[in-house]
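Undergrad: File name protein_21.pdb; file contents PDB, C-alpha atoms; full text below.
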```
ATOM      1  CA  MET X1299      10.947   7.602  -3.514
ATOM      2  CA  ASN X1300       8.467  10.057  -1.979
ATOM      3  CA  ILE X1301       4.855   9.493  -0.945
ATOM      4  CA  GLY X1302       3.395  10.812  -4.195
ATOM      5  CA  GLU X1303       5.596   8.521  -6.254
ATOM      6  CA  ARG X1304       4.622   5.570  -4.063
ATOM      7  CA  ILE X1305       0.902   6.298  -4.482
ATOM      8  CA  ALA X1306       1.295   6.640  -8.260
ATOM      9  CA  GLN X1307       3.358   3.448  -8.455
ATOM     10  CA  LEU X1308       0.795   1.480  -6.434
ATOM     11  CA  ARG X1309      -2.068   2.847  -8.551
ATOM     12  CA  LYS X1310      -0.283   1.929 -11.778
ATOM     13  CA  SER X1311       0.549  -1.542 -10.435
ATOM     14  CA  ARG X1312      -3.209  -2.117 -10.283
ATOM     15  CA  SER X1313      -3.652  -0.693 -13.798
ATOM     16  CA  MET X1314      -5.937   2.017 -12.431
ATOM     17  CA  SER X1315      -6.432   5.516 -13.736
ATOM     18  CA  GLN X1316      -6.359   8.480 -11.394
ATOM     19  CA  PHE X1317     -10.095   8.800 -11.998
ATOM     20  CA  GLN X1318     -10.749   5.189 -10.943
ATOM     21  CA  LEU X1319      -8.687   5.427  -7.755
ATOM     22  CA  ALA X1320     -10.116   8.824  -6.843
ATOM     23  CA  LYS X1321     -13.629   7.438  -7.254
ATOM     24  CA  THR X1322     -12.759   4.431  -5.077
ATOM     25  CA  LEU X1323     -11.363   6.733  -2.373
ATOM     26  CA  ASN X1324     -14.276   9.176  -2.729
ATOM     27  CA  ILE X1325     -12.017  12.139  -3.503
ATOM     28  CA  ALA X1326     -11.623  14.440  -6.494
ATOM     29  CA  THR X1327      -9.273  13.358  -9.266
ATOM     30  CA  SER X1328      -7.453  16.657  -8.841
ATOM     31  CA  THR X1329      -6.845  15.867  -5.157
ATOM     32  CA  LEU X1330      -5.285  12.526  -6.082
ATOM     33  CA  GLY X1331      -3.201  14.280  -8.719
ATOM     34  CA  MET X1332      -1.922  16.702  -6.085
ATOM     35  CA  TYR X1333      -1.029  13.774  -3.802
ATOM     36  CA  GLU X1334       0.897  12.102  -6.617
ATOM     37  CA  THR X1335       2.802  15.288  -7.471
ATOM     38  CA  ASN X1336       3.439  16.114  -3.802
ATOM     39  CA  ARG X1337       1.587  19.417  -4.004
ATOM     40  CA  ARG X1338      -0.704  18.178  -1.251
ATOM     41  CA  LYS X1339      -0.185  15.644   1.542
ATOM     42  CA  PRO X1340      -2.894  13.137   2.462
ATOM     43  CA  ASN X1341      -4.157  13.346   6.045
ATOM     44  CA  MET X1342      -3.967  10.339   8.386
ATOM     45  CA  GLU X1343      -7.449   9.101   7.460
ATOM     46  CA  MET X1344      -6.544   9.141   3.765
ATOM     47  CA  LEU X1345      -3.181   7.480   4.449
ATOM     48  CA  GLU X1346      -5.048   4.675   6.212
ATOM     49  CA  LYS X1347      -7.513   4.335   3.306
ATOM     50  CA  LEU X1348      -4.658   4.182   0.810
ATOM     51  CA  ALA X1349      -2.717   1.666   2.907
ATOM     52  CA  ASP X1350      -5.784  -0.546   3.362
ATOM     53  CA  PHE X1351      -6.726  -0.373  -0.299
ATOM     54  CA  PHE X1352      -3.249  -1.271  -1.546
ATOM     55  CA  GLY X1353      -2.459  -3.722   1.241
ATOM     56  CA  VAL X1354       0.611  -1.856   2.446
ATOM     57  CA  SER X1355       1.507  -0.160   5.702
ATOM     58  CA  VAL X1356       1.252   3.569   6.308
ATOM     59  CA  ASP X1357       4.976   3.402   7.048
ATOM     60  CA  TYR X1358       5.553   2.054   3.540
ATOM     61  CA  LEU X1359       3.595   4.957   2.036
ATOM     62  CA  LEU X1360       5.606   7.419   4.101
ATOM     63  CA  GLY X1361       8.876   5.797   3.033
ATOM     64  CA  ARG X1362       9.779   4.651   6.521
ATOM     65  CA  PRO X1363      11.803   1.465   6.812
ATOM     66  CA  GLU X1364       9.896  -1.599   7.927
ATOM     67  CA  LYS X1365      10.819  -2.723  11.430
ATOM     68  CA  ASN X1366      12.462  -6.126  11.605
ATOM     69  CA  ASP X1367      12.066  -7.594  15.062
ATOM     70  CA  ASN X1368      13.154 -11.195  14.645
ATOM     71  CA  ASN X1369      12.039 -12.063  18.164
ATOM     72  CA  ASN X1370       8.393 -11.198  17.494
ATOM     73  CA  THR X1371       7.785 -12.116  13.881
ATOM     74  CA  ALA X1372       5.152 -14.684  14.855
ATOM     75  CA  ASP X1373       3.204 -11.947  16.625
ATOM     76  CA  LEU X1374       2.825  -9.754  13.542
ATOM     77  CA  ALA X1375      -0.878  -9.172  12.904
ATOM     78  CA  ASP X1376      -0.355  -7.459   9.547
ATOM     79  CA  ASP X1377       1.015 -10.093   7.186
ATOM     80  CA  ASP X1378       1.319  -7.424   4.480
ATOM     81  CA  THR X1379       4.468  -6.420   6.344
ATOM     82  CA  ILE X1380       5.819  -9.875   5.609
ATOM     83  CA  PHE X1381       4.346 -10.403   2.150
ATOM     84  CA  THR X1382       6.436  -8.068   0.064
ATOM     85  CA  TYR X1383       9.029  -8.624  -2.623
ATOM     86  CA  LYS X1384      11.860  -6.127  -2.844
ATOM     87  CA  GLY X1385       9.773  -3.714  -0.801
ATOM     88  CA  GLN X1386       6.806  -3.909  -3.176
ATOM     89  CA  PRO X1387       3.412  -5.280  -2.112
ATOM     90  CA  LEU X1388       2.247  -8.600  -3.506
ATOM     91  CA  SER X1389      -1.140  -9.077  -5.119
ATOM     92  CA  ASP X1390      -3.917 -10.554  -2.984
ATOM     93  CA  ASP X1391      -3.765 -13.742  -5.076
ATOM     94  CA  ASP X1392      -0.027 -14.106  -4.461
ATOM     95  CA  LYS X1393      -0.515 -13.523  -0.718
ATOM     96  CA  GLU X1394      -3.199 -16.221  -0.597
ATOM     97  CA  ILE X1395      -0.901 -18.713  -2.366
ATOM     98  CA  ILE X1396       1.852 -17.990   0.167
ATOM     99  CA  ARG X1397      -0.588 -18.331   3.086
ATOM    100  CA  ARG X1398      -1.731 -21.730   1.793
ATOM    101  CA  LEU X1399       1.848 -22.897   1.310
ATOM    102  CA  MET X1400       2.803 -21.780   4.791
ATOM    103  CA  ASN X1401      -0.191 -23.597   6.264
ATOM    104  CA  GLY X1402       0.566 -26.769   4.298
ATOM    105  CA  LYS X1403      -2.635 -26.628   2.199
TER     106      LYS X1403
END
```
Represent the structure of the file as structure tokens.
TA:
Amino acid sequence: MNIGERIAQLRKSRSMSQFQLAKTLNIATSTLGMYETNRRKPNMEMLEKLADFFGVSVDYLLGRPEKNDNNNTADLADDDTIFTYKGQPLSDDDKEIIRRLMNGK
């Protein structure tokens, strides 16, 4: 899966239109459409905005494999790296449930 397909998949998983996401990101709908069809690549600032908005890593958007360092898993600051299912991000509600379970609450 390429970056455009990942962006489109994440957008659709939130039941958002291109117009809604473009408005949220403060870009033109046509720009988002070009990202999703791979006719244009988002710059680093936009990659960070997309990753933050969807709760995924920039590496995920770029299709890079997540690093698994079993010796340092407790040191991971970005629990979105941990909170995925079959490589797909979990909803914020699901992440909160998992956090509470892990903390015994």
Undergrad: Between X:Lys1321, X:Lys1347, X:Lys1339, X:Arg1397, which one has atoms that come closest to Leu1360 of chain X, using only C-alpha atoms?
TA: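 Looking only at the distances to Leu1360 of chain X, the closest residue turns out to be X:Lys1339.
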Undergrad: Select, from X:Gln1316, X:Ser1389, X:Thr1322, X:Thr1327, the residue with the minimum atom-to-atom distance to Leu1348 of chain X, counting only C-alpha atoms.
TA: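 Of X:Gln1316, X:Ser1389, X:Thr1322, X:Thr1327, the one nearest Leu1348 of chain X is X:Thr1322, counting only C-alpha atoms.
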Undergrad: Have a look at X:Arg1362, X:Ala1320, X:Asp1357, X:Ile1301 and name the one nearest to Thr1335 of chain X; count only C-alpha atoms.
TA: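 Using only C-alpha atoms, Thr1335 of chain X sits closest to X:Ile1301.
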Undergrad: Could you tell me which residues the PyMOL selection byres ((chain X and resi 1358) around 10) returns for this structure, as a PyMOL selection string?
TA: chain X and resi 1301+1304+1349+1354-1357+1359-1364+1379+1385-1387
Undergrad: Could you check how far atom CA of Ser1315 of chain X sits from atom CA of Lys1393 of chain X, in Å to one decimal?
TA: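 Interatomic distance, atom CA of Ser1315 of chain X to atom CA of Lys1393 of chain X: 23.8 Å.
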Undergrad: For a quick check of understanding, using all atoms listed in the file, which of X:Asp1390, X:Ala1306, X:Ser1311, X:Asn1324 has the smallest distance to Asn1336 of chain X?
TA: X:Ala1306
Undergrad: What is the distance, in Å and to one decimal place, between atom CA of Pro1340 of chain X and atom CA of Gln1307 of chain X?
TA: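 Taking atom CA of Pro1340 of chain X and atom CA of Gln1307 of chain X, their separation equals 15.9 Å.
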